[in-house]
Every structure is written in structure tokens, then in C-alpha cells.
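Okay, work-v4.txt now, which holds compact mmCIF, C-alpha atoms and all ligand atoms:
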```txt
# COMPACT_ATOMS: atom_id res chain seq x y z
CA MET Q 102 77.79 107.48 86.02
CA ARG Q 103 78.23 104.66 83.55
CA ILE Q 104 81.91 104.07 82.83
CA GLY Q 105 83.12 102.10 79.82
CA ILE Q 106 86.49 100.40 80.19
CA LEU Q 107 88.43 99.13 77.18
CA GLY Q 108 89.86 95.95 78.68
CA GLY Q 109 88.36 93.67 81.30
CA GLY Q 110 91.45 92.44 83.12
CA GLN Q 111 92.42 92.73 86.75
CA LEU Q 112 92.93 96.49 86.50
CA ALA Q 113 89.38 96.94 85.21
CA LYS Q 114 88.17 94.65 87.98
CA MET Q 115 89.88 96.71 90.69
CA MET Q 116 88.58 99.97 89.14
CA ALA Q 117 85.04 98.60 89.30
CA LEU Q 118 85.50 97.36 92.87
CA ALA Q 119 86.55 100.91 93.82
CA GLY Q 120 83.95 102.68 91.68
CA GLN Q 121 80.82 100.78 92.65
CA PRO Q 122 80.61 102.25 96.19
CA LEU Q 123 80.79 105.69 94.56
CA GLY Q 124 77.58 104.81 92.71
CA HIS Q 125 79.06 104.10 89.29
CA GLU Q 126 78.30 101.28 86.85
CA PHE Q 127 80.73 99.61 84.48
CA VAL Q 128 80.85 98.24 80.94
CA PHE Q 129 83.90 96.18 79.95
CA ILE Q 130 84.99 95.69 76.36
CA ASP Q 131 87.19 92.60 76.16
CA PRO Q 132 87.44 89.82 73.58
CA ALA Q 133 88.13 87.15 76.23
CA ALA Q 134 84.93 85.37 77.28
CA ASP Q 135 86.50 84.79 80.70
CA ALA Q 136 87.75 88.39 81.22
CA CYS Q 137 88.27 88.63 84.95
CA ALA Q 138 86.22 91.83 85.48
CA ARG Q 139 83.13 90.29 83.83
CA SER Q 140 81.10 89.72 87.00
CA LEU Q 141 81.34 93.40 88.01
CA GLY Q 142 79.40 94.97 85.16
CA ALA Q 143 78.22 94.44 81.60
CA HIS Q 144 80.80 92.51 79.56
CA ARG Q 145 80.78 93.03 75.80
CA VAL Q 146 82.86 90.36 74.10
CA SER Q 147 84.61 92.44 71.46
CA ASP Q 148 88.02 93.74 70.51
CA TRP Q 149 88.92 97.43 70.58
CA SER Q 150 88.53 98.40 66.96
CA GLY Q 151 85.79 98.44 64.38
CA PRO Q 152 82.65 100.51 63.88
CA ASP Q 153 80.64 98.57 66.46
CA LEU Q 154 82.71 99.86 69.38
CA VAL Q 155 80.59 103.02 69.63
CA ASN Q 156 77.43 100.91 69.94
CA GLN Q 157 79.01 98.64 72.53
CA LEU Q 158 79.67 101.68 74.70
CA ALA Q 159 76.25 103.31 74.15
CA GLY Q 160 75.06 105.05 77.30
CA CYS Q 161 78.52 105.46 78.82
CA ASP Q 162 79.28 108.86 80.39
CA ARG Q 163 83.02 108.25 80.47
CA VAL Q 164 85.43 105.93 78.67
CA THR Q 165 88.80 104.78 79.99
CA PHE Q 166 91.13 101.82 79.42
CA ASP Q 167 92.98 99.27 81.51
CA PHE Q 168 95.93 98.66 79.20
CA GLU Q 169 98.00 100.62 76.72
CA ASN Q 170 97.61 98.54 73.62
CA VAL Q 171 94.16 99.77 72.68
CA PRO Q 172 94.58 101.14 69.12
CA ALA Q 173 95.08 104.91 69.49
CA GLU Q 174 92.92 105.51 66.37
CA SER Q 175 89.99 103.66 68.01
CA LEU Q 176 90.32 105.83 71.07
CA ALA Q 177 90.51 108.99 68.97
CA THR Q 178 87.29 107.96 67.18
CA LEU Q 179 85.60 107.27 70.51
CA ALA Q 180 86.67 110.71 71.75
CA ASP Q 181 84.32 112.28 69.16
CA ARG Q 182 81.38 110.63 70.93
CA PHE Q 183 82.47 110.10 74.53
CA ASP Q 184 84.40 111.86 77.26
CA VAL Q 185 87.59 109.74 77.07
CA ARG Q 186 90.00 110.03 80.03
CA PRO Q 187 93.01 109.99 79.91
CA SER Q 188 93.01 111.52 76.43
CA PRO Q 189 93.92 109.66 73.22
CA LYS Q 190 97.01 111.89 73.02
CA ALA Q 191 98.28 110.60 76.41
CA LEU Q 192 97.72 107.03 75.23
CA GLU Q 193 99.43 107.66 71.91
CA VAL Q 194 102.57 109.05 73.54
CA SER Q 195 102.92 106.23 76.04
CA GLN Q 196 102.26 103.54 73.42
CA ASP Q 197 105.49 104.43 71.70
CA ARG Q 198 108.75 104.29 73.65
CA LEU Q 199 110.29 106.76 71.20
CA ALA Q 200 107.49 109.36 71.57
CA GLU Q 201 107.61 108.90 75.34
CA LYS Q 202 111.33 109.61 75.46
CA GLN Q 203 111.02 112.54 73.05
CA LEU Q 204 108.32 114.08 75.25
CA CYS Q 205 110.54 113.76 78.34
CA ALA Q 206 113.56 115.13 76.49
CA SER Q 207 111.50 118.13 75.30
CA LEU Q 208 110.70 118.85 78.97
CA ASP Q 209 114.37 118.44 80.01
CA ILE Q 210 113.52 115.30 81.96
CA PRO Q 211 116.37 112.74 82.01
CA VAL Q 212 115.81 109.45 80.13
CA ALA Q 213 118.16 106.64 79.09
CA PRO Q 214 120.21 107.55 76.00
CA PHE Q 215 118.25 106.31 72.98
CA LYS Q 216 118.20 105.96 69.20
CA ALA Q 217 115.35 104.95 66.91
CA VAL Q 218 116.22 101.80 64.94
CA ASP Q 219 114.37 100.70 61.80
CA THR Q 220 117.16 99.08 59.80
CA ARG Q 221 120.27 97.04 60.44
CA PRO Q 222 122.65 99.89 59.54
CA GLU Q 223 120.74 102.07 62.01
CA LEU Q 224 121.23 99.41 64.66
CA MET Q 225 124.97 99.35 64.00
CA GLY Q 226 125.09 103.16 64.15
CA ALA Q 227 123.08 103.19 67.38
CA ILE Q 228 125.43 100.67 68.98
CA ASP Q 229 128.42 102.78 67.95
CA ALA Q 230 126.78 105.80 69.54
CA LEU Q 231 125.46 104.22 72.76
CA GLY Q 232 127.87 101.33 73.34
CA LEU Q 233 127.16 97.96 74.94
CA PRO Q 234 125.48 96.71 77.02
CA ALA Q 235 122.27 98.16 75.65
CA LEU Q 236 118.64 97.14 75.36
CA LEU Q 237 116.95 96.70 72.01
CA LYS Q 238 113.19 97.14 72.49
CA THR Q 239 110.14 97.22 70.27
CA ARG Q 240 108.74 100.76 70.26
CA ARG Q 241 105.22 99.41 70.72
CA LEU Q 242 103.32 96.57 72.40
CA GLY Q 243 105.99 95.51 74.90
CA TYR Q 244 105.01 94.70 78.48
CA ASP Q 245 106.36 92.65 81.38
CA GLY Q 246 109.77 92.60 79.70
CA LYS Q 247 108.35 91.16 76.45
CA GLY Q 248 109.65 92.59 73.18
CA GLN Q 249 113.09 93.45 74.46
CA TYR Q 250 116.55 92.00 74.08
CA ARG Q 251 119.67 92.74 76.10
CA LEU Q 252 122.74 93.20 73.95
CA ALA Q 253 125.89 92.52 75.94
CA HIS Q 254 128.32 91.44 73.19
CA SER Q 255 128.46 91.73 69.44
CA GLU Q 256 127.36 88.04 69.16
CA ASP Q 257 123.99 89.06 70.61
CA LEU Q 258 123.13 91.26 67.61
CA GLU Q 259 122.14 88.49 65.20
CA PRO Q 260 119.65 86.68 67.47
CA ALA Q 261 118.24 90.03 68.65
CA TRP Q 262 117.73 91.21 65.09
CA GLN Q 263 116.21 87.84 64.10
CA SER Q 264 113.69 88.03 66.91
CA LEU Q 265 112.79 91.75 66.80
CA GLY Q 266 113.99 93.11 63.46
CA GLU Q 267 110.71 93.39 61.55
CA GLN Q 268 109.28 96.12 63.80
CA ALA Q 269 110.01 99.74 64.67
CA LEU Q 270 112.64 99.52 67.41
CA ILE Q 271 114.53 101.66 69.85
CA LEU Q 272 117.99 101.05 71.26
CA GLU Q 273 118.42 102.21 74.84
CA GLY Q 274 121.73 102.65 76.55
CA TRP Q 275 122.11 100.56 79.69
CA VAL Q 276 121.26 102.52 82.83
CA ASP Q 277 123.32 101.56 85.83
CA PHE Q 278 120.74 102.06 88.55
CA ALA Q 279 120.90 101.60 92.33
CA HIS Q 280 117.24 100.67 92.41
CA GLU Q 281 113.95 101.26 90.61
CA CYS Q 282 110.96 103.17 91.85
CA ALA Q 283 107.66 104.45 90.52
CA LEU Q 284 105.49 107.45 91.26
CA THR Q 285 101.74 107.30 90.82
CA ALA Q 286 99.77 110.53 90.73
CA VAL Q 287 96.22 111.49 89.92
CA ARG Q 288 95.12 114.69 88.17
CA ASP Q 289 91.56 115.93 87.73
CA ALA Q 290 90.09 117.92 84.86
CA ALA Q 291 90.67 121.18 86.75
CA GLY Q 292 94.41 120.41 87.01
CA GLU Q 293 94.46 119.49 90.72
CA VAL Q 294 97.08 116.79 91.43
CA ARG Q 295 97.65 114.31 94.29
CA PHE Q 296 100.86 112.30 94.53
CA TYR Q 297 101.27 108.93 96.21
CA PRO Q 298 104.51 108.23 98.07
CA LEU Q 299 107.17 106.71 95.81
CA THR Q 300 107.01 102.94 95.45
CA HIS Q 301 110.26 100.97 95.60
CA THR Q 302 109.97 98.31 92.88
CA LEU Q 303 111.84 95.13 92.08
CA HIS Q 304 111.63 93.54 88.63
CA GLN Q 305 113.00 90.13 87.69
CA GLU Q 306 113.04 88.98 84.05
CA GLY Q 307 111.31 92.27 83.21
CA ILE Q 308 108.29 91.48 85.42
CA LEU Q 309 107.39 93.41 88.56
CA ARG Q 310 107.79 91.04 91.52
CA PHE Q 311 107.59 93.26 94.62
CA ALA Q 312 106.49 96.81 95.39
CA LEU Q 313 107.17 98.55 98.68
CA SER Q 314 105.84 101.82 100.05
CA GLY Q 315 107.59 103.64 102.87
CA SER Q 316 111.07 102.70 101.63
CA PRO Q 317 113.63 104.99 103.35
CA ALA Q 318 115.80 104.79 100.19
CA ASN Q 319 113.08 106.63 98.27
CA ALA Q 320 112.42 109.47 100.67
CA PRO Q 321 115.13 111.76 99.22
CA TRP Q 322 113.64 111.35 95.72
CA GLN Q 323 110.00 112.17 96.41
CA ASP Q 324 110.19 115.89 95.60
CA SER Q 325 112.09 115.54 92.34
CA ALA Q 326 109.83 112.68 91.21
CA GLU Q 327 106.73 114.78 91.93
CA LYS Q 328 108.14 117.67 89.93
CA ILE Q 329 108.79 115.43 86.92
CA VAL Q 330 105.39 113.75 87.04
CA HIS Q 331 103.63 117.09 87.46
CA GLN Q 332 105.41 118.46 84.37
CA ILE Q 333 104.41 115.41 82.29
CA MET Q 334 100.79 115.55 83.48
CA ASP Q 335 100.46 119.24 82.71
CA ALA Q 336 102.10 118.80 79.28
CA LEU Q 337 99.52 116.13 78.40
CA ASP Q 338 96.59 117.90 80.14
CA TYR Q 339 96.26 114.53 81.80
CA VAL Q 340 93.13 113.33 83.63
CA GLY Q 341 93.24 110.18 85.78
CA CYS Q 342 96.10 108.17 87.30
CA LEU Q 343 99.52 108.14 85.70
CA THR Q 344 102.49 106.08 86.85
CA VAL Q 345 106.03 107.01 85.91
CA GLU Q 346 108.73 104.37 86.39
CA PHE Q 347 112.16 105.64 87.37
CA PHE Q 348 115.72 104.40 87.66
CA VAL Q 349 117.53 105.85 90.68
CA THR Q 350 121.11 106.54 89.62
CA GLU Q 351 124.10 108.38 91.06
CA ALA Q 352 123.22 111.32 88.82
CA GLY Q 353 119.60 111.39 90.00
CA LEU Q 354 116.28 110.12 88.67
CA VAL Q 355 116.01 108.83 85.11
CA VAL Q 356 112.56 108.18 83.65
CA ASN Q 357 112.11 104.65 82.34
CA GLU Q 358 108.54 104.66 81.09
CA LEU Q 359 105.03 106.07 81.52
CA ALA Q 360 101.85 104.09 82.16
CA PRO Q 361 98.74 106.16 81.39
CA ARG Q 362 96.44 104.20 83.66
CA VAL Q 363 96.25 102.51 87.03
CA HIS Q 364 99.40 100.47 87.54
CA ASN Q 365 100.66 97.32 89.22
CA SER Q 366 103.31 99.19 91.23
CA ALA Q 367 100.51 101.02 93.10
CA HIS Q 368 98.26 98.08 93.95
CA TRP Q 369 99.44 98.52 97.53
CA THR Q 370 97.39 101.74 97.68
CA ILE Q 371 94.18 99.69 98.01
CA GLU Q 372 94.89 98.86 101.63
CA GLY Q 373 98.04 100.92 102.22
CA SER Q 374 96.78 104.43 101.47
CA VAL Q 375 93.85 106.62 102.42
CA CYS Q 376 92.27 106.59 98.94
CA SER Q 377 93.50 103.97 96.46
CA GLN Q 378 94.79 104.66 92.94
CA PHE Q 379 91.68 102.89 91.62
CA GLU Q 380 89.25 105.07 93.55
CA ASN Q 381 91.18 108.23 92.67
CA HIS Q 382 91.24 107.29 88.98
CA ILE Q 383 87.46 106.88 89.03
CA ARG Q 384 87.01 110.08 91.04
CA ALA Q 385 89.09 112.02 88.47
CA LEU Q 386 87.17 110.48 85.57
CA THR Q 387 83.80 111.40 87.07
CA ASP Q 388 84.68 114.88 88.39
CA MET Q 389 84.43 113.91 92.04
CA PRO Q 390 86.84 115.55 94.52
CA LEU Q 391 90.17 113.68 94.68
CA GLY Q 392 90.96 111.59 97.76
CA ALA Q 393 94.00 111.86 100.02
CA ALA Q 394 96.95 109.91 98.63
CA HIS Q 395 99.09 109.50 101.72
CA SER Q 396 99.98 106.06 102.96
CA ARG Q 397 98.97 104.20 106.08
CA GLY Q 398 102.27 102.78 107.34
CA SER Q 399 104.49 100.72 105.07
CA ALA Q 400 103.01 98.28 102.57
CA LEU Q 401 104.62 95.43 100.70
CA MET Q 402 102.99 93.94 97.62
CA VAL Q 403 103.95 90.51 96.29
CA ASN Q 404 102.89 89.64 92.75
CA PHE Q 405 101.75 86.08 92.09
CA ILE Q 406 103.13 85.07 88.70
CA GLY Q 407 102.03 81.87 86.93
CA GLN Q 408 99.77 80.45 89.61
CA MET Q 409 98.24 81.38 92.95
CA PRO Q 410 100.10 80.12 96.03
CA SER Q 411 98.45 78.54 99.08
CA THR Q 412 96.14 80.82 101.07
CA ASP Q 413 98.12 79.90 104.21
CA MET Q 414 99.81 83.29 103.82
CA LEU Q 415 96.51 84.89 104.93
CA ALA Q 416 97.35 83.85 108.49
CA LEU Q 417 99.63 86.91 108.65
CA ASP Q 418 98.00 89.84 110.44
CA GLY Q 419 97.50 92.72 108.04
CA LEU Q 420 97.83 90.66 104.86
CA HIS Q 421 95.28 91.25 102.08
CA TRP Q 422 94.61 88.81 99.24
CA HIS Q 423 93.70 89.47 95.60
CA ASP Q 424 92.99 86.44 93.43
CA TYR Q 425 92.19 87.76 89.94
CA GLY Q 426 90.37 84.56 89.02
CA LYS Q 427 92.60 83.92 86.00
CA GLN Q 428 93.73 80.60 84.56
CA ALA Q 429 97.24 79.64 85.69
CA ARG Q 430 99.80 80.23 82.93
CA LYS Q 431 103.57 80.67 82.99
CA GLY Q 432 104.60 84.33 83.34
CA ARG Q 433 101.01 85.56 83.83
CA LYS Q 434 100.04 87.87 86.68
CA VAL Q 435 97.27 85.95 88.44
CA GLY Q 436 97.01 87.76 91.77
CA HIS Q 437 98.82 89.66 94.48
CA ALA Q 438 98.96 90.09 98.24
CA THR Q 439 99.61 93.28 100.17
CA TRP Q 440 100.95 93.25 103.71
CA VAL Q 441 100.45 96.51 105.57
CA LEU Q 442 102.42 97.24 108.75
CA GLU Q 443 102.82 100.38 110.84
CA ASP Q 444 106.21 101.37 109.43
CA PHE Q 445 109.18 100.11 107.43
CA ALA Q 446 111.22 99.18 110.54
CA THR Q 447 108.42 96.82 111.65
CA LEU Q 448 108.15 95.38 108.16
CA LYS Q 449 111.87 94.73 108.03
CA ARG Q 450 111.90 93.16 111.49
CA ARG Q 451 108.98 90.86 110.65
CA ALA Q 452 109.92 90.04 107.03
CA ASP Q 453 110.73 86.40 107.95
CA GLU Q 454 107.07 85.78 108.72
CA LEU Q 455 106.26 86.50 105.08
CA THR Q 456 109.30 84.86 103.49
CA ALA Q 457 108.34 81.61 105.24
CA HIS Q 458 105.49 81.43 102.69
CA LEU Q 459 107.54 82.26 99.57
CA GLU Q 460 109.58 80.29 97.04
CA PRO Q 461 113.39 80.46 97.42
CA SER Q 462 113.77 82.69 94.34
CA GLN Q 463 111.20 85.11 95.78
CA VAL Q 464 112.92 85.13 99.17
CA GLN Q 465 116.17 86.16 97.53
CA GLY Q 466 114.49 88.99 95.63
CA LEU Q 467 112.54 90.23 98.62
CA THR Q 468 115.55 90.14 100.94
CA GLY Q 469 117.52 92.17 98.39
CA LEU Q 470 114.69 94.70 98.11
CA ILE Q 471 114.34 95.14 101.87
CA ASN Q 472 118.09 95.54 102.35
CA ALA Q 473 118.27 98.10 99.53
CA ALA Q 474 115.33 99.99 101.05
CA GLY Q 475 117.02 100.72 104.37
N1 LIG Q 501 117.76 101.09 79.68
C1 LIG Q 501 117.70 100.20 80.68
N2 LIG Q 501 118.77 99.98 81.48
C2 LIG Q 501 118.73 99.06 82.47
N3 LIG Q 501 117.66 98.30 82.76
C3 LIG Q 501 116.54 98.45 82.02
C4 LIG Q 501 116.51 99.43 80.94
N4 LIG Q 501 115.28 99.38 80.38
C5 LIG Q 501 114.59 98.42 81.07
N5 LIG Q 501 115.33 97.87 82.04
C6 LIG Q 501 114.86 96.80 82.99
O1 LIG Q 501 113.81 96.04 82.41
C7 LIG Q 501 112.56 96.29 83.09
C8 LIG Q 501 111.41 96.30 82.09
O2 LIG Q 501 111.64 97.29 81.11
P1 LIG Q 501 110.53 98.33 80.65
O3 LIG Q 501 111.12 99.20 79.62
O4 LIG Q 501 109.95 99.00 81.87
O5 LIG Q 501 109.50 97.38 79.92
P2 LIG Q 501 108.03 96.90 80.24
O6 LIG Q 501 107.19 97.72 79.34
O7 LIG Q 501 108.06 95.47 79.87
O8 LIG Q 501 107.78 97.17 81.72
C9 LIG Q 501 112.79 97.59 83.81
O9 LIG Q 501 111.90 97.75 84.92
C10 LIG Q 501 114.25 97.45 84.22
O10 LIG Q 501 114.40 96.57 85.31
MG MG Q 502 108.13 98.88 82.79
```
With the file now loaded, output its structure as C-alpha cells.
Amino acid sequence: MRIGILGGGQLAKMMALAGQPLGHEFVFIDPAADACARSLGAHRVSDWSGPDLVNQLAGCDRVTFDFENVPAESLATLADRFDVRPSPKALEVSQDRLAEKQLCASLDIPVAPFKAVDTRPELMGAIDALGLPALLKTRRLGYDGKGQYRLAHSEDLEPAWQSLGEQALILEGWVDFAHECALTAVRDAAGEVRFYPLTHTLHQEGILRFALSGSPANAPWQDSAEKIVHQIMDALDYVGCLTVEFFVTEAGLVVNELAPRVHNSAHWTIEGSVCSQFENHIRALTDMPLGAAHSRGSALMVNFIGQMPSTDMLALDGLHWHDYGKQARKGRKVGHATWVLEDFATLKRRADELTAHLEPSQVQGLTGLINAAG
């Protein structure tokens, strides 16, 4: 089939790398002339709105997207002409932190306490209701920790309002979590679902730094996470991969947010599982049977933020390298590496071999993650 992807970033690139062996072809719609998926299919240099989008995608059997900020109206228009998966409705819900939380609440799924905030008096009322610390976030367009402000004291209100105040906002109560994890699942058009093992995640400054599969700390949460994700997928009649980010708290799992697409926390599935999230997403889109989602051993993914490190790290047995081919820029995800070992105990025992290649701040984060895992 010919698959059109709105977005031509690293996620589109990895979808195409997984989909080509299945016999599919790809068209990428991305305004950046140097979009990193461009060598893997036809690249149309265009944004994601306007009447020409339909022509750009002419001949596509399926349309999907590699990021959430595609205008939902554009996707809804495309859905009149193309088989769009996941649906515009799924995109619309996960584009808006308020709609996302309302959906979960309607399904009795725990989320952080929240209040919609459009005006200053509403912000004051929300703080009275939820207390401090709290997080003030834009409802839309946030990613990698952008568009959010932590409010610890009343002096933080003014700068937060100055920087975010002109947009629709949400105030979230602070969730005191033991750790964060994410569940990726894939659902096909007939409603069949496969779940990957939970990923233990570590964020710093709002950006995912490390993802670990096979974390003993996650094992007790697998069943409840699957139940929650299954409920959300069925409610949205979802087709493709969905990742749900969770906080693990004393009271149980709390949903943080939904990503209606392939997701960074499951990049480890490329080498660390039987059938990767990228291949399963493409299989679901094209009505092929879903692949097995269980893991091969324990995998650790390290994100490269800002610039690629030295390839010396490749000397480690079982380490896989992904250079997205992007220009170095502060805070930008430019690549990742995944180290796959037979089990978590081996990974923990041999962690020093990897940390020898990392920056001190990364070593601290990774050591904390491994100790929290088990
Ligand atoms: N309500 C909250 N309580 C505590 N920490 C939070 C809360 N919301 C977000 N965070 C922290 O900030 C990170 C990024 O926030 P998130 O809402 O997932 O935004 P993004 O869309 O940028 O990923 C989370 O992974 C978590 O570490
Ligand atoms: Mg997030």
C-alpha cells in the first residue's frame, strides 16, 4: 500500500524503515526541506493545512501522522477522502489536555486533579482548589516539557501568567509519583489488541531521557495498565499504536497523557521486542495481522538530546544506534541508542560499561533509574 504520513521526522522515518519490508511505500508531508524521513519515500514540502493537502496525498491508501499537532480540522477533511488511522477523533482528544483528562474521568480512569483556566480569576480559583505545588500547562501544542510552568509559591504566578496567559490553559495538581512508566499497545480495525511490556521512563526538564523495558518495579502494574489502555482504545475505536504515560503512585496508576501515535518511550521495541511498535503500527494501518509484542530480554534506550555523542558506544555488545540525521540544536532529540541484554539483572550488573560513555548528568539519571527499577 501507499501510506501518507503527516510529518517527516524521526518517527516517520522509523515507520518507513519498518514498513518497507512489508511492501509498503511512503509519502511524507513536511514543510522542512531537510525532514529526516525524506530519503525513504516521496517528500512533499508542505504544511498540514490548506486545500492542496488532498492533492499532495493523491494515491495514498492510508493516511497517518507522526506528531500530534497536525490541525484536527485538516485531518477531519482528509478523512472524507482517505482512510485515516488513528481517527481524527483520537487526535482531537489527545491534542487537548483538558479533553484527554475528561475522557479518562468519564471512564473512571485516575488522572491528576485538574481545572481549566482561561482567565486570571480562574487561575486563582484553581489554585485555591488544587493547592501548590501545581503545574500550569497549555492545553494544546506542548511537548518535551514545553508550554508548562511549575508553580511552587505564590511568587511564581506572575511570571507563569506572563509567559502562558494568552492561551487556553489547564492547572494540574502535583502528582507525587514513585516513578513514571508508559504502556504502548496496538489495536487493529477488528478490535484485536497487543500490549507491549510497560516501559520504565525517566524525564528530566520535561524531556524523556531513558526508557527501560523489563523493569521489575513495573511488573505489578502491567495488568492494570493494560486494562486502562484497552478501555481508552475501545472508547476511541482506535486503530494503530497508542502510548499512555502513567505516574506510579502509592494509590496506584494515574494517567498523565496519551500519545496517539508511535512514541519515543517504545523505541526500544525495534530491537528489544519480537515486532516493533513501528511495524505493528503499519500492520494495523494496512490490515495485516498484528505481530507479537513481547520483549526479548531487557532493553535500555538512551535519548541523545542536542547533539550526537561519539560512536565509541557502539563497541558495547548488543548496542544499536539510531542517528536521525538532524542538525544539532539545544534540547532537540537527534538520535538514540538501545542496549539489549538477556535480562534486567544482567543489565544492572553491566550498567557501568554504558555509563562510561555518558555525561555525568546522564550517569546520575541512569543510576537513579536502574536503582528505582529493582
Ligand atoms: N501533574 C504532574 N505532577 C508531577 N509531575 C508532572 C505532572 N505533569 C507533568 N509532570 C512531569 O513533567 C513531564 C512532562 O509533562 P507532560 O504533561 O507529559 O508533557 P509533555 O507533553 O511535554 O510530555 C512528565 O513526564 C512528568 O515528569
Ligand atoms: Mg509527556
Do a neighbour search on Q:Leu179 at 9 Å with all atoms listed in the file, toss out local chain neighbours closer than 5 positions, and write the hits as a PyMOL selection string.
chain Q and resi 154-155+164+174+184-185
Selection export as a PDB file, in the coordinates of the input, atoms kept: C-alpha atoms:
```pdb
ATOM      1  CA  LEU Q 154      82.710  99.860  69.380  1.00  0.00           C
ATOM      2  CA  VAL Q 155      80.590 103.020  69.630  1.00  0.00           C
ATOM      3  CA  VAL Q 164      85.430 105.930  78.670  1.00  0.00           C
ATOM      4  CA  GLU Q 174      92.920 105.510  66.370  1.00  0.00           C
ATOM      5  CA  ASP Q 184      84.400 111.860  77.260  1.00  0.00           C
ATOM      6  CA  VAL Q 185      87.590 109.740  77.070  1.00  0.00           C
TER       7      VAL Q 185
END
```
Around the point (106.1, 104.7, 79.3) in the file's coordinates, collect all residues with an atom within 12 Å, using all atoms listed in the file, and return them as a PyMOL selection string.
chain Q and resi 168-170+191-205+212+240-244+283+330+333+343-347+356-362+364
In Å to one decimal, how far is atom CA of Q:Leu442 from atom CA of Q:Asp418?
8.8 Å
For ligand MG 502 (chain Q), which residue out of Q:Leu313, Q:Cys282, Q:Ile371, Q:Val441 is the nearest one, using all atoms listed in the file?
Q:Cys282
List as a PyMOL selection string the protein and nucleic acid residues lying within 8 Å of ligand LIG 501 (chain Q), with all atoms listed in the file counted.
chain Q and resi 213-214+235-236+238+243-249+273-278+281+303-309+346+348+357-358
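For the pair atom CA of Q:His125 and atom CA of Q:Leu112, the separation is 16.1 Å.
Between atom CA of Q:Pro187 and atom CA of Q:Asp335 there is a distance of 12.2 Å.
Using all atoms listed in the file, the shortest contact distance between Q:Gly160 and any of Q:Tyr250, Q:Trp422, Q:Phe183, Q:Phe379 is found at Q:Phe183.
Among Q:Arg310, Q:Lys427, Q:Lys114, Q:Arg288, the residue with the shortest atom-to-atom distance to ligand MG 502 (chain Q), counting all atoms listed in the file, is Q:Arg310.
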Name all residues at most 6 Å from stretch 400-414 of chain Q (count all atoms listed in the file; drop same-chain ones fewer than 2 positions away) and give them as a ChimeraX atom specification.
/Q:310-314,369,373,416,429-441
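With all atoms listed in the file as the atoms that count, the residue of Q:Ala326, Q:Thr178, Q:Thr302, Q:Gly353 with the shortest distance to ligand MG 502 (chain Q) is Q:Thr302.
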Shell of 9 Å around Q:Val171, all atoms listed in the file, local chain residues under 6 positions omitted, as number ranges by chain
Q: 107-108, 148-150, 192, 196
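Residues with any atom within 9 Å of Q:Asn319, counting all atoms listed in the file and excluding same-chain neighbours fewer than 4 positions away, are Q:Cys282, Q:Pro298, Q:Leu299, Q:Thr300, Q:His301, Q:Ser314, Q:Gly315, Q:Gln323, Q:Val349, Q:Ala474.
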Proximity to Q:Ser188 - best of Q:Ala394, Q:Met389, Q:Met102, Q:Val340, all atoms listed in the file
Q:Val340
